[in-house]
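This is start.tsv. It holds TSV, C-alpha atoms and all ligand atoms.
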chain	number	residue	atom	x	y	z
A	1	MET	CA	-13.59	-21.15	36.60
A	2	SER	CA	-12.95	-17.88	34.86
A	3	THR	CA	-14.77	-15.57	32.53
A	4	ILE	CA	-13.64	-14.89	28.99
A	5	VAL	CA	-14.82	-12.57	26.22
A	6	HIS	CA	-14.83	-13.82	22.63
A	7	LYS	CA	-15.37	-11.47	19.73
A	8	TYR	CA	-16.33	-12.55	16.22
A	9	GLY	CA	-16.20	-10.06	13.36
A	10	GLY	CA	-18.43	-9.71	10.31
A	11	THR	CA	-16.57	-12.20	8.12
A	12	SER	CA	-16.64	-14.89	10.83
A	13	MET	CA	-20.40	-14.29	11.12
A	14	GLY	CA	-20.91	-14.04	7.34
A	15	SER	CA	-23.39	-16.90	6.80
A	16	ILE	CA	-25.59	-19.35	8.71
A	17	GLU	CA	-22.91	-22.00	8.18
A	18	LYS	CA	-20.32	-19.71	9.74
A	19	ILE	CA	-22.60	-18.75	12.63
A	20	LYS	CA	-23.06	-22.46	13.35
A	21	SER	CA	-19.31	-22.94	13.54
A	22	VAL	CA	-18.95	-19.90	15.80
A	23	ALA	CA	-21.57	-21.54	18.04
A	24	LYS	CA	-19.41	-24.67	18.23
A	25	LYS	CA	-16.30	-22.69	19.07
A	26	VAL	CA	-18.12	-20.86	21.86
A	27	ILE	CA	-19.48	-24.12	23.27
A	28	LEU	CA	-15.97	-25.60	23.27
A	29	GLU	CA	-14.87	-22.68	25.49
A	30	LYS	CA	-17.85	-23.24	27.78
A	31	GLU	CA	-17.00	-26.95	27.96
A	32	LYS	CA	-13.54	-26.03	29.29
A	33	GLY	CA	-15.41	-24.73	32.33
A	34	ASN	CA	-15.33	-21.03	31.48
A	35	ASP	CA	-18.09	-18.44	31.60
A	36	VAL	CA	-18.32	-17.07	28.09
A	37	VAL	CA	-19.41	-13.63	26.90
A	38	VAL	CA	-19.55	-13.35	23.12
A	39	VAL	CA	-19.48	-10.04	21.26
A	40	VAL	CA	-20.42	-10.12	17.59
A	41	SER	CA	-20.46	-7.79	14.60
A	42	ALA	CA	-23.08	-7.65	11.86
A	43	MET	CA	-23.09	-10.49	9.31
A	44	GLY	CA	-20.59	-10.00	6.47
A	45	LYS	CA	-21.05	-6.66	4.73
A	46	THR	CA	-24.43	-5.93	6.34
A	47	THR	CA	-23.36	-2.59	7.85
A	48	ASN	CA	-22.14	-1.29	4.47
A	49	LYS	CA	-25.46	-2.31	2.91
A	50	LEU	CA	-27.36	-0.45	5.62
A	51	VAL	CA	-25.22	2.64	5.00
A	52	ASP	CA	-26.02	2.42	1.27
A	53	LEU	CA	-29.75	2.12	1.95
A	54	ALA	CA	-29.79	5.32	3.97
A	55	LYS	CA	-27.65	7.14	1.43
A	56	GLU	CA	-30.08	6.18	-1.34
A	57	ILE	CA	-32.51	8.49	0.43
A	58	ASP	CA	-30.18	11.15	1.81
A	59	THR	CA	-26.40	11.45	1.43
A	60	ASN	CA	-26.22	13.11	4.84
A	61	PRO	CA	-28.86	11.33	6.91
A	62	ASP	CA	-29.91	12.37	10.40
A	63	LYS	CA	-27.33	10.90	12.77
A	64	ARG	CA	-29.80	9.56	15.33
A	65	GLU	CA	-31.74	7.64	12.72
A	66	PHE	CA	-28.52	6.50	11.07
A	67	ASP	CA	-27.39	4.93	14.36
A	68	MET	CA	-30.81	3.35	14.81
A	69	LEU	CA	-30.41	1.78	11.37
A	70	LEU	CA	-26.77	0.68	11.65
A	71	SER	CA	-27.25	-0.93	15.04
A	72	THR	CA	-29.77	-3.41	13.58
A	73	GLY	CA	-27.03	-5.43	11.86
A	74	GLU	CA	-25.63	-6.65	15.18
A	75	GLN	CA	-29.13	-7.45	16.46
A	76	ILE	CA	-29.54	-10.01	13.67
A	77	SER	CA	-26.20	-11.62	14.56
A	78	ILE	CA	-26.78	-11.91	18.32
A	79	SER	CA	-30.16	-13.56	17.95
A	80	LEU	CA	-29.03	-16.01	15.26
A	81	LEU	CA	-25.98	-16.99	17.31
A	82	ALA	CA	-28.16	-17.51	20.40
A	83	ILE	CA	-30.50	-19.73	18.36
A	84	ALA	CA	-27.51	-21.67	16.97
A	85	ILE	CA	-26.10	-22.29	20.46
A	86	GLN	CA	-29.48	-23.28	21.86
A	87	SER	CA	-30.06	-25.71	19.00
A	88	LEU	CA	-26.89	-27.52	20.08
A	89	GLY	CA	-28.37	-28.01	23.54
A	90	TYR	CA	-26.71	-25.17	25.44
A	91	GLU	CA	-28.27	-22.19	27.16
A	92	ALA	CA	-27.65	-18.79	25.63
A	93	ILE	CA	-29.16	-15.31	25.83
A	94	SER	CA	-28.61	-12.35	23.53
A	95	PHE	CA	-28.43	-8.70	24.63
A	96	THR	CA	-28.40	-5.44	22.73
A	97	GLY	CA	-25.87	-2.90	23.99
A	98	TYR	CA	-28.58	-1.33	26.15
A	99	GLN	CA	-29.61	-4.66	27.69
A	100	ALA	CA	-25.95	-5.42	28.39
A	101	GLY	CA	-25.69	-2.19	30.42
A	102	ILE	CA	-23.47	-0.30	27.97
A	103	LYS	CA	-23.88	3.47	28.42
A	104	THR	CA	-22.38	5.79	25.83
A	105	LYS	CA	-21.48	9.47	25.60
A	106	GLY	CA	-20.52	11.86	22.84
A	107	VAL	CA	-21.86	12.28	19.35
A	108	HIS	CA	-23.85	9.82	17.28
A	109	ALA	CA	-21.95	7.56	14.87
A	110	LYS	CA	-18.74	7.87	16.88
A	111	SER	CA	-19.72	7.78	20.50
A	112	GLU	CA	-17.61	6.43	23.34
A	113	ILE	CA	-18.42	3.92	26.05
A	114	ASP	CA	-19.01	5.85	29.26
A	115	SER	CA	-19.71	2.99	31.65
A	116	ILE	CA	-20.85	-0.61	31.72
A	117	ASP	CA	-23.17	-2.03	34.34
A	118	THR	CA	-22.36	-5.75	34.19
A	119	ASP	CA	-25.04	-6.93	36.67
A	120	ARG	CA	-27.34	-8.47	34.09
A	121	ILE	CA	-24.48	-10.17	32.25
A	122	LYS	CA	-23.13	-11.63	35.51
A	123	GLU	CA	-26.56	-12.85	36.64
A	124	ASN	CA	-26.99	-14.74	33.38
A	125	LEU	CA	-23.48	-16.17	33.47
A	126	GLU	CA	-24.20	-17.41	36.99
A	127	GLN	CA	-27.26	-19.19	35.65
A	128	GLY	CA	-24.92	-21.08	33.34
A	129	LYS	CA	-25.88	-19.21	30.17
A	130	ILE	CA	-23.60	-18.13	27.38
A	131	VAL	CA	-24.16	-14.37	27.07
A	132	ILE	CA	-24.11	-12.82	23.60
A	133	VAL	CA	-23.75	-9.05	23.28
A	134	ALA	CA	-24.27	-6.84	20.22
A	135	GLY	CA	-21.04	-5.05	19.42
A	136	PHE	CA	-20.70	-1.46	18.20
A	137	GLN	CA	-23.65	0.00	20.16
A	138	GLY	CA	-24.85	1.40	23.44
A	139	ILE	CA	-27.36	3.83	24.86
A	140	ASN	CA	-26.73	7.50	25.66
A	141	GLU	CA	-28.10	9.68	28.45
A	142	ASN	CA	-31.15	10.56	26.31
A	143	GLY	CA	-32.00	6.89	26.01
A	144	ASP	CA	-31.06	6.83	22.32
A	145	ILE	CA	-29.06	4.09	20.61
A	146	THR	CA	-25.63	5.28	19.50
A	147	THR	CA	-22.85	3.50	17.61
A	148	LEU	CA	-19.14	3.53	18.39
A	149	GLY	CA	-17.69	4.23	14.94
A	150	ARG	CA	-16.96	1.68	12.22
A	151	GLY	CA	-15.19	-1.39	13.50
A	152	GLY	CA	-16.48	-0.58	17.00
A	153	SER	CA	-17.33	-4.15	18.00
A	154	ASP	CA	-13.69	-4.57	19.01
A	155	THR	CA	-14.21	-1.74	21.49
A	156	THR	CA	-17.32	-3.39	22.92
A	157	ALA	CA	-15.39	-6.63	23.41
A	158	VAL	CA	-12.33	-5.13	25.09
A	159	ALA	CA	-14.40	-2.74	27.22
A	160	LEU	CA	-16.53	-5.66	28.43
A	161	ALA	CA	-13.40	-7.65	29.26
A	162	ALA	CA	-12.13	-4.61	31.20
A	163	ALA	CA	-15.41	-4.31	33.10
A	164	LEU	CA	-15.49	-8.03	33.86
A	165	GLY	CA	-11.75	-8.13	34.67
A	166	CYS	CA	-11.07	-10.93	32.21
A	167	ASN	CA	-9.18	-11.83	29.02
A	168	CYS	CA	-10.40	-11.05	25.53
A	169	ILE	CA	-9.98	-13.11	22.38
A	170	ILE	CA	-10.58	-11.34	19.08
A	171	TYR	CA	-11.43	-13.97	16.46
A	172	THR	CA	-10.94	-12.70	12.95
A	173	ASP	CA	-10.46	-13.82	9.36
A	174	VAL	CA	-6.67	-13.50	9.59
A	175	GLU	CA	-4.41	-15.64	11.75
A	176	GLY	CA	-3.21	-12.84	14.02
A	177	ILE	CA	-1.30	-9.60	13.69
A	178	TYR	CA	1.09	-9.36	10.75
A	179	PRO	CA	3.85	-6.75	10.53
A	180	VAL	CA	2.69	-5.86	7.02
A	181	ASP	CA	-0.60	-6.69	5.29
A	182	PRO	CA	0.17	-10.13	3.78
A	183	LYS	CA	-1.86	-9.21	0.69
A	184	LEU	CA	0.78	-6.57	-0.07
A	185	TYR	CA	3.78	-8.45	1.34
A	186	PRO	CA	3.20	-12.21	1.29
A	187	ASN	CA	6.51	-12.93	3.09
A	188	ALA	CA	5.26	-11.20	6.24
A	189	LYS	CA	5.90	-13.31	9.35
A	190	LYS	CA	3.13	-13.32	11.94
A	191	ILE	CA	3.94	-11.49	15.19
A	192	ASP	CA	3.73	-13.60	18.37
A	193	PHE	CA	3.71	-10.70	20.86
A	194	ILE	CA	3.17	-6.98	20.37
A	195	SER	CA	2.92	-4.22	22.98
A	196	TYR	CA	-0.27	-2.20	23.32
A	197	LYS	CA	1.53	0.97	22.32
A	198	GLU	CA	2.92	-0.52	19.14
A	199	MET	CA	-0.46	-1.99	18.28
A	200	ILE	CA	-2.19	1.34	18.91
A	201	GLU	CA	0.31	3.01	16.59
A	202	MET	CA	-0.12	0.36	13.89
A	203	SER	CA	-3.94	0.66	14.07
A	204	ARG	CA	-3.94	4.44	14.19
A	205	LEU	CA	-1.77	4.58	11.07
A	206	GLY	CA	-3.92	2.23	9.05
A	207	ALA	CA	-3.32	-1.45	9.96
A	208	GLY	CA	-6.84	-2.82	9.71
A	209	VAL	CA	-6.91	-5.84	12.02
A	210	MET	CA	-8.04	-4.10	15.19
A	211	GLU	CA	-9.82	-0.85	15.77
A	212	THR	CA	-7.61	1.69	17.61
A	213	THR	CA	-9.92	2.62	20.50
A	214	SER	CA	-10.24	-1.00	21.55
A	215	VAL	CA	-6.47	-1.36	21.96
A	216	GLU	CA	-6.34	1.93	23.87
A	217	ILE	CA	-8.97	0.61	26.28
A	218	GLY	CA	-6.99	-2.61	26.59
A	219	TYR	CA	-3.86	-0.62	27.37
A	220	LYS	CA	-5.51	1.60	30.00
A	221	ASN	CA	-7.14	-1.35	31.75
A	222	ASN	CA	-4.43	-3.93	31.20
A	223	VAL	CA	-6.73	-6.36	29.38
A	224	PRO	CA	-4.80	-9.27	27.86
A	225	ILE	CA	-5.89	-9.46	24.22
A	226	TYR	CA	-5.30	-12.42	21.95
A	227	VAL	CA	-5.98	-12.10	18.22
A	228	ALA	CA	-6.56	-15.39	16.40
A	229	SER	CA	-8.23	-16.99	13.42
A	230	SER	CA	-11.89	-17.90	13.78
A	231	SER	CA	-11.57	-20.80	11.35
A	232	LYS	CA	-8.06	-22.25	11.81
A	233	ASP	CA	-6.39	-23.63	14.92
A	234	THR	CA	-3.12	-21.80	14.33
A	235	LYS	CA	-1.24	-19.71	16.89
A	236	GLY	CA	-2.33	-16.07	17.02
A	237	THR	CA	-0.87	-12.86	18.46
A	238	TYR	CA	-0.85	-11.61	22.06
A	239	ILE	CA	-1.21	-7.91	22.69
A	240	THR	CA	0.36	-7.33	26.09
A	241	GLU	CA	2.75	-5.16	28.03
A	242	ASN	CA	4.58	-8.10	29.58
A	243	LYS	CA	8.24	-7.14	29.14
A	244	ASN	CA	9.44	-10.71	29.69
A	245	ILE	CA	7.74	-12.10	26.64
A	246	ILE	CA	7.98	-9.19	24.25
A	247	ASN	CA	10.83	-9.56	21.83
A	248	TYR	CA	12.45	-6.20	21.39
A	249	LYS	CA	12.53	-5.31	17.72
A	250	SER	CA	13.31	-1.78	16.62
A	251	VAL	CA	10.79	-1.94	13.77
A	252	ILE	CA	7.67	-4.01	14.53
A	253	GLY	CA	5.77	-3.35	11.33
A	254	ILE	CA	4.56	-1.18	8.50
A	255	ALA	CA	1.12	0.39	8.48
A	256	ILE	CA	-0.46	1.44	5.22
A	257	ASP	CA	-3.20	4.04	4.97
A	258	ASP	CA	-4.91	4.44	1.60
A	259	HIS	CA	-7.32	6.99	2.93
A	260	THR	CA	-5.15	10.08	2.86
A	261	SER	CA	-4.96	12.77	0.24
A	262	ILE	CA	-3.11	16.07	-0.03
A	263	LEU	CA	-4.93	19.35	-0.44
A	264	THR	CA	-2.66	22.07	-1.82
A	265	ILE	CA	-3.40	25.78	-2.04
A	266	LYS	CA	-0.93	27.88	-4.01
A	267	ASP	CA	-0.41	31.61	-4.60
A	268	ILE	CA	-1.83	32.69	-1.28
A	269	LEU	CA	-1.02	36.36	-0.62
A	270	SER	CA	1.08	36.33	2.55
A	271	LYS	CA	0.20	39.83	3.66
A	272	SER	CA	-3.56	39.50	3.30
A	273	ASN	CA	-6.36	37.71	5.10
A	274	ASP	CA	-6.12	34.81	2.69
A	275	ILE	CA	-4.78	32.38	5.27
A	276	SER	CA	-7.57	33.06	7.76
A	277	THR	CA	-10.12	32.69	4.98
A	278	VAL	CA	-8.66	29.29	4.12
A	279	PHE	CA	-8.76	28.10	7.72
A	280	GLU	CA	-12.28	29.36	8.17
A	281	ILE	CA	-13.45	27.36	5.16
A	282	LEU	CA	-11.63	24.22	6.29
A	283	SER	CA	-13.10	24.50	9.75
A	284	ASN	CA	-16.62	24.99	8.35
A	285	GLU	CA	-16.20	21.80	6.33
A	286	ASN	CA	-15.00	19.95	9.44
A	287	LEU	CA	-12.00	18.54	7.62
A	288	GLU	CA	-9.84	16.27	9.69
A	289	ILE	CA	-6.35	17.66	9.08
A	290	LYS	CA	-3.38	15.44	9.81
A	291	ILE	CA	-0.49	17.71	8.83
A	292	ILE	CA	-0.09	21.28	7.67
A	293	ASN	CA	2.86	22.51	5.66
A	294	GLN	CA	3.57	26.05	4.63
A	295	ILE	CA	6.13	26.99	1.99
A	296	ALA	CA	6.87	30.60	1.15
A	297	SER	CA	7.50	30.89	-2.59
A	298	ASP	CA	8.66	34.52	-2.39
A	299	ASN	CA	8.12	37.50	-0.10
A	300	GLU	CA	4.54	37.96	-1.20
A	301	HIS	CA	3.31	34.46	-1.92
A	302	THR	CA	2.97	31.31	0.07
A	303	SER	CA	1.59	27.81	-0.39
A	304	LEU	CA	-0.21	25.65	2.11
A	305	SER	CA	-0.61	21.91	1.90
A	306	PHE	CA	-2.78	19.80	4.14
A	307	VAL	CA	-2.79	16.08	4.57
A	308	VAL	CA	-6.45	15.19	5.00
A	309	SER	CA	-8.53	12.08	5.38
A	310	LYS	CA	-10.05	10.79	2.15
A	311	GLY	CA	-13.12	9.72	4.09
A	312	ASP	CA	-13.98	13.40	4.02
A	313	LEU	CA	-13.96	13.33	0.24
A	314	GLY	CA	-17.11	15.36	-0.35
A	315	CYS	CA	-15.92	17.97	2.13
A	316	VAL	CA	-12.56	18.41	0.38
A	317	ASP	CA	-14.33	19.06	-2.94
A	318	LYS	CA	-16.56	21.56	-1.26
A	319	ALA	CA	-13.64	23.27	0.51
A	320	ILE	CA	-11.77	23.60	-2.80
A	321	TYR	CA	-14.85	25.09	-4.42
A	322	GLU	CA	-15.30	27.58	-1.58
A	323	ILE	CA	-11.62	28.55	-1.53
A	324	LYS	CA	-11.57	29.14	-5.29
A	325	SER	CA	-14.72	31.21	-5.24
A	326	LYS	CA	-13.66	33.38	-2.27
A	327	LEU	CA	-10.02	33.74	-3.34
A	328	ASN	CA	-10.00	33.76	-7.12
A	329	HIS	CA	-6.24	34.38	-7.39
A	330	VAL	CA	-5.25	31.10	-5.71
A	331	GLU	CA	-4.83	27.65	-7.14
A	332	ALA	CA	-6.34	24.80	-5.09
A	333	TYR	CA	-6.33	21.11	-5.87
A	334	GLU	CA	-6.40	17.68	-4.25
A	335	ASP	CA	-3.89	14.91	-4.87
A	336	LEU	CA	-5.79	11.65	-4.38
A	337	ASP	CA	-3.38	9.11	-5.77
A	338	VAL	CA	-1.20	8.84	-2.66
A	339	SER	CA	-0.83	6.54	0.35
A	340	THR	CA	0.71	7.00	3.77
A	341	ILE	CA	3.25	4.32	4.61
A	342	SER	CA	4.42	4.29	8.21
A	343	VAL	CA	7.32	2.43	9.74
A	344	VAL	CA	6.35	1.60	13.33
A	345	GLY	CA	8.43	0.50	16.28
A	346	LYS	CA	10.06	1.32	19.58
A	347	GLY	CA	13.43	1.92	18.01
A	348	ILE	CA	12.84	4.43	15.20
A	349	ASN	CA	16.21	6.17	15.59
A	350	TYR	CA	18.61	7.82	13.14
A	351	HIS	CA	20.02	4.46	12.20
A	352	VAL	CA	16.59	3.22	11.08
A	353	ILE	CA	15.74	6.51	9.37
A	354	ASN	CA	19.04	6.43	7.49
A	355	LYS	CA	18.19	2.95	6.18
A	356	ILE	CA	14.82	4.21	4.94
A	357	PHE	CA	16.39	7.22	3.21
A	358	ASN	CA	18.86	4.89	1.52
A	359	ILE	CA	15.93	2.91	0.16
A	360	PHE	CA	14.56	6.11	-1.34
A	361	LYS	CA	17.91	7.04	-2.83
A	362	GLU	CA	18.90	3.67	-4.23
A	363	ASN	CA	15.51	2.97	-5.79
A	364	ASN	CA	14.58	6.37	-7.11
A	365	ILE	CA	11.51	6.59	-4.95
A	366	ASN	CA	10.30	10.02	-3.84
A	367	PHE	CA	8.07	11.00	-0.99
A	368	LYS	CA	5.79	14.01	-0.81
A	369	GLN	CA	5.49	14.53	2.94
A	370	VAL	CA	7.05	13.03	6.01
A	371	PHE	CA	5.94	13.17	9.62
A	372	THR	CA	7.00	11.45	12.80
A	373	SER	CA	5.69	10.52	16.21
A	374	GLU	CA	7.23	8.80	19.20
A	375	LEU	CA	6.78	5.35	17.69
A	376	SER	CA	6.68	5.93	13.96
A	377	ILE	CA	7.85	7.71	10.86
A	378	SER	CA	5.33	8.16	8.06
A	379	PHE	CA	5.86	8.92	4.40
A	380	ILE	CA	3.29	10.00	1.88
A	381	VAL	CA	4.19	8.52	-1.48
A	382	ASP	CA	2.58	8.38	-4.90
A	383	ASN	CA	0.68	5.15	-5.31
A	384	LYS	CA	2.97	4.12	-8.18
A	385	TYR	CA	5.77	3.63	-5.60
A	386	LYS	CA	3.63	2.03	-2.91
A	387	GLN	CA	4.08	-1.69	-3.62
A	388	ARG	CA	7.82	-1.50	-4.21
A	389	PHE	CA	8.46	0.68	-1.18
A	390	ILE	CA	6.58	-1.78	1.03
A	391	GLU	CA	8.58	-4.74	-0.31
A	392	LEU	CA	11.88	-2.93	0.17
A	393	LEU	CA	10.96	-1.96	3.75
A	394	GLY	CA	9.78	-5.50	4.51
A	395	ASN	CA	13.11	-6.92	3.31
A	396	GLU	CA	15.23	-4.29	5.04
A	397	PHE	CA	13.62	-4.75	8.45
A	398	ASP	CA	13.10	-8.51	8.16
A	399	LEU	CA	9.33	-8.30	8.72
B	401	LIG	N1	-20.65	-3.76	12.10
B	401	LIG	C1	-19.86	-2.60	12.43
B	401	LIG	C2	-19.05	-2.15	11.23
B	401	LIG	O1	-19.13	-2.75	10.18
B	401	LIG	C3	-19.00	-2.79	13.64
B	401	LIG	C4	-17.87	-3.79	13.47
B	401	LIG	O2	-17.83	-4.52	12.48
B	401	LIG	O3	-17.03	-3.87	14.36
B	401	LIG	O4	-18.35	-1.19	11.31
B	402	MG	MG	-13.19	-5.25	12.61
With the file now loaded, output its structure as structure tokens.
Amino acid sequence: MSTIVHKYGGTSMGSIEKIKSVAKKVILEKEKGNDVVVVVSAMGKTTNKLVDLAKEIDTNPDKREFDMLLSTGEQISISLLAIAIQSLGYEAISFTGYQAGIKTKGVHAKSEIDSIDTDRIKENLEQGKIVIVAGFQGINENGDITTLGRGGSDTTAVALAAALGCNCIIYTDVEGIYPVDPKLYPNAKKIDFISYKEMIEMSRLGAGVMETTSVEIGYKNNVPIYVASSSKDTKGTYITENKNIINYKSVIGIAIDDHTSILTIKDILSKSNDISTVFEILSNENLEIKIINQIASDNEHTSLSFVVSKGDLGCVDKAIYEIKSKLNHVEAYEDLDVSTISVVGKGINYHVINKIFNIFKENNINFKQVFTSELSISFIVDNKYKQRFIELLGNEFDL
């Protein structure tokens, strides 16, 4: 008999009907003779609705209270799932993050899991119960509830599997990991096996299926992760480091991030304090900067452009306002209509890059910025090119 962690996301838990079918799936696993720990997210779009409620009162609500509010979504799901399992004649018990022994550290709204004391979970598994744990939450050293950042239930699931030394199945509304979002590239062929590192890179650069931290935890602790559909019985995707089963492909996929924008500041006086003023303002606004580019236009003037996260929208507006009012000779503006498209894989070499540049040349597509990392090359393109660029890349790399 072994232990297994199942995780069901918001869509899979979106209605009472769906919760009842999750209950059946969990029971099926139990019937195989396994001890089952189930991690769930809030029902459907509940978390977004909770965010909106708080923002109706205050656009920048107190973080402690915000976490208190957001964590309630998962509490509804765990109890309903426990009731659904019990009504089918099986024993189940639900736990909040705190009750499951999940201790967190760091700031509210994006805290990290510090440790997990699995005693209570194990005791209940030994009693034959199915244990259901609220994803996305834990308790910090002050005894306050904190959340792990949006999408954080994946992290709860993988971290629990690491603590229990078992496998983790992420059940989702897609059938596994695709090399490109099938909504944008319907020909995309599902991936059977992907390495942790490639998956981390895909997630980090915008592929939405799994939250990045969860895969990082899986990688560090060697947790076998399987991503599969919660409603269909089709084959899913294994995230693993097992060299024998991973098919080496130089390009594994394309990640698309719609949440970037470019902030440009022109006519900065090179020999003044302008640049420090700009950085001071950006740091005060806590802008998450992904890339910085500086171009000298002549001996006296320079331009800076920053690739920033659109999630920080309000802050960018405020930074532009501050920059313009402190430095009235500069021009500052944000380019919102762009996306970052990243080609990800273990073999991003000159041969691959040359193919991509040929796509640009032959199809009259331009890019505004380019940046690379060990496992990827990313291009920021105007949204008017996005769809076509993705299709051309998909075809070129047989994704
Ligand atoms: N319910 C949380 C969210 O919407 C956590 C999760 O879904 O993983 O972000
Ligand atoms: Mg998710």
Seminar exercise, completed: Using all atoms listed in the file, the residue out of A:Met202, A:Thr237, A:Leu327, A:Tyr185 with shortest distance to Ile377 (chain A) is A:Met202
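The contact shell of ligand MG 402 (chain B), defined as all polymer residues within 8 Å when all atoms listed in the file are used, comprises Gly9, Gly10, Ser41, Arg150, Gly151, Gly152, Ser153, Asp154, Thr172, Gly208, Val209, Met210 and Glu211 of chain A.
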Residues of region 123-145 of chain A at most 10 Å from region 28-32 of chain A: nearest atom pair and distance in Å, all atoms listed in the file, as a Markdown table:
| residue | atom | partner | partner_atom | distance |
| --- | --- | --- | --- | --- |
| A:Gly128 | CA | A:Lys30 | CA | 9.3 |
| A:Lys129 | CA | A:Lys30 | CA | 9.3 |
| A:Ile130 | CA | A:Lys30 | CA | 7.7 |
Counting only C-alpha atoms and all ligand atoms, which residues of chain A sit at most 9 Å from some atom of ligand LIG 401 (chain B), and what is each one's closest atom pair with its distance in Å to one decimal, listed by chain and rising residue number, as a Markdown table?
| residue | atom | partner | partner_atom | distance |
| --- | --- | --- | --- | --- |
| A:Tyr8 | CA | B:LIG401 | O3 | 8.9 |
| A:Gly9 | CA | B:LIG401 | O2 | 5.8 |
| A:Gly10 | CA | B:LIG401 | O2 | 5.7 |
| A:Thr11 | CA | B:LIG401 | O2 | 8.9 |
| A:Val40 | CA | B:LIG401 | O3 | 7.8 |
| A:Ser41 | CA | B:LIG401 | O2 | 4.7 |
| A:Ala42 | CA | B:LIG401 | N1 | 4.6 |
| A:Met43 | CA | B:LIG401 | N1 | 7.7 |
| A:Gly44 | CA | B:LIG401 | O1 | 8.3 |
| A:Lys45 | CA | B:LIG401 | O1 | 7.0 |
| A:Thr46 | CA | B:LIG401 | N1 | 7.2 |
| A:Thr47 | CA | B:LIG401 | O1 | 4.8 |
| A:Asn48 | CA | B:LIG401 | O1 | 6.6 |
| A:Leu70 | CA | B:LIG401 | N1 | 7.6 |
| A:Ser71 | CA | B:LIG401 | N1 | 7.8 |
| A:Gly73 | CA | B:LIG401 | N1 | 6.6 |
| A:Glu74 | CA | B:LIG401 | N1 | 6.5 |
| A:Gly135 | CA | B:LIG401 | C3 | 6.5 |
| A:Phe136 | CA | B:LIG401 | C3 | 5.0 |
| A:Gln137 | CA | B:LIG401 | C3 | 8.5 |
| A:Thr147 | CA | B:LIG401 | C3 | 8.4 |
| A:Leu148 | CA | B:LIG401 | C3 | 7.9 |
| A:Gly149 | CA | B:LIG401 | O4 | 6.6 |
| A:Arg150 | CA | B:LIG401 | O4 | 3.3 |
| A:Gly151 | CA | B:LIG401 | O3 | 3.2 |
| A:Gly152 | CA | B:LIG401 | O3 | 4.3 |
| A:Ser153 | CA | B:LIG401 | O3 | 3.7 |
| A:Asp154 | CA | B:LIG401 | O3 | 5.8 |
| A:Thr155 | CA | B:LIG401 | O3 | 8.0 |
| A:Thr156 | CA | B:LIG401 | O3 | 8.6 |
| A:Glu211 | CA | B:LIG401 | O3 | 7.9 |
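CA of Asn34 (chain A) to CA of Gly165 (chain A) spans 13.8 Å [interatomic distance, one decimal].
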Exercise. Using all atoms listed in the file, which of A:Gln369, A:Glu300, A:Val251, A:Ile268 sits nearest Val343 (chain A)?
Worked result: A:Val251
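Residues in contact with Ser250 (chain A) at 6 Å, where all atoms listed in the file are counted and same-chain residues fewer than 5 positions away are skipped, are listed as A:Gly345, A:Lys346, A:Gly347.
Nearest-residue note for Ile194 (chain A): choosing from A:Phe367, A:Tyr350, A:Tyr248, A:Tyr171, the minimum distance belongs to A:Tyr248, counting all atoms listed in the file.
Across A:Asp35, A:Asp337, A:Asp233, A:Glu285, the tightest approach to His259 (chain A) is made by A:Asp337 when counting all atoms listed in the file.
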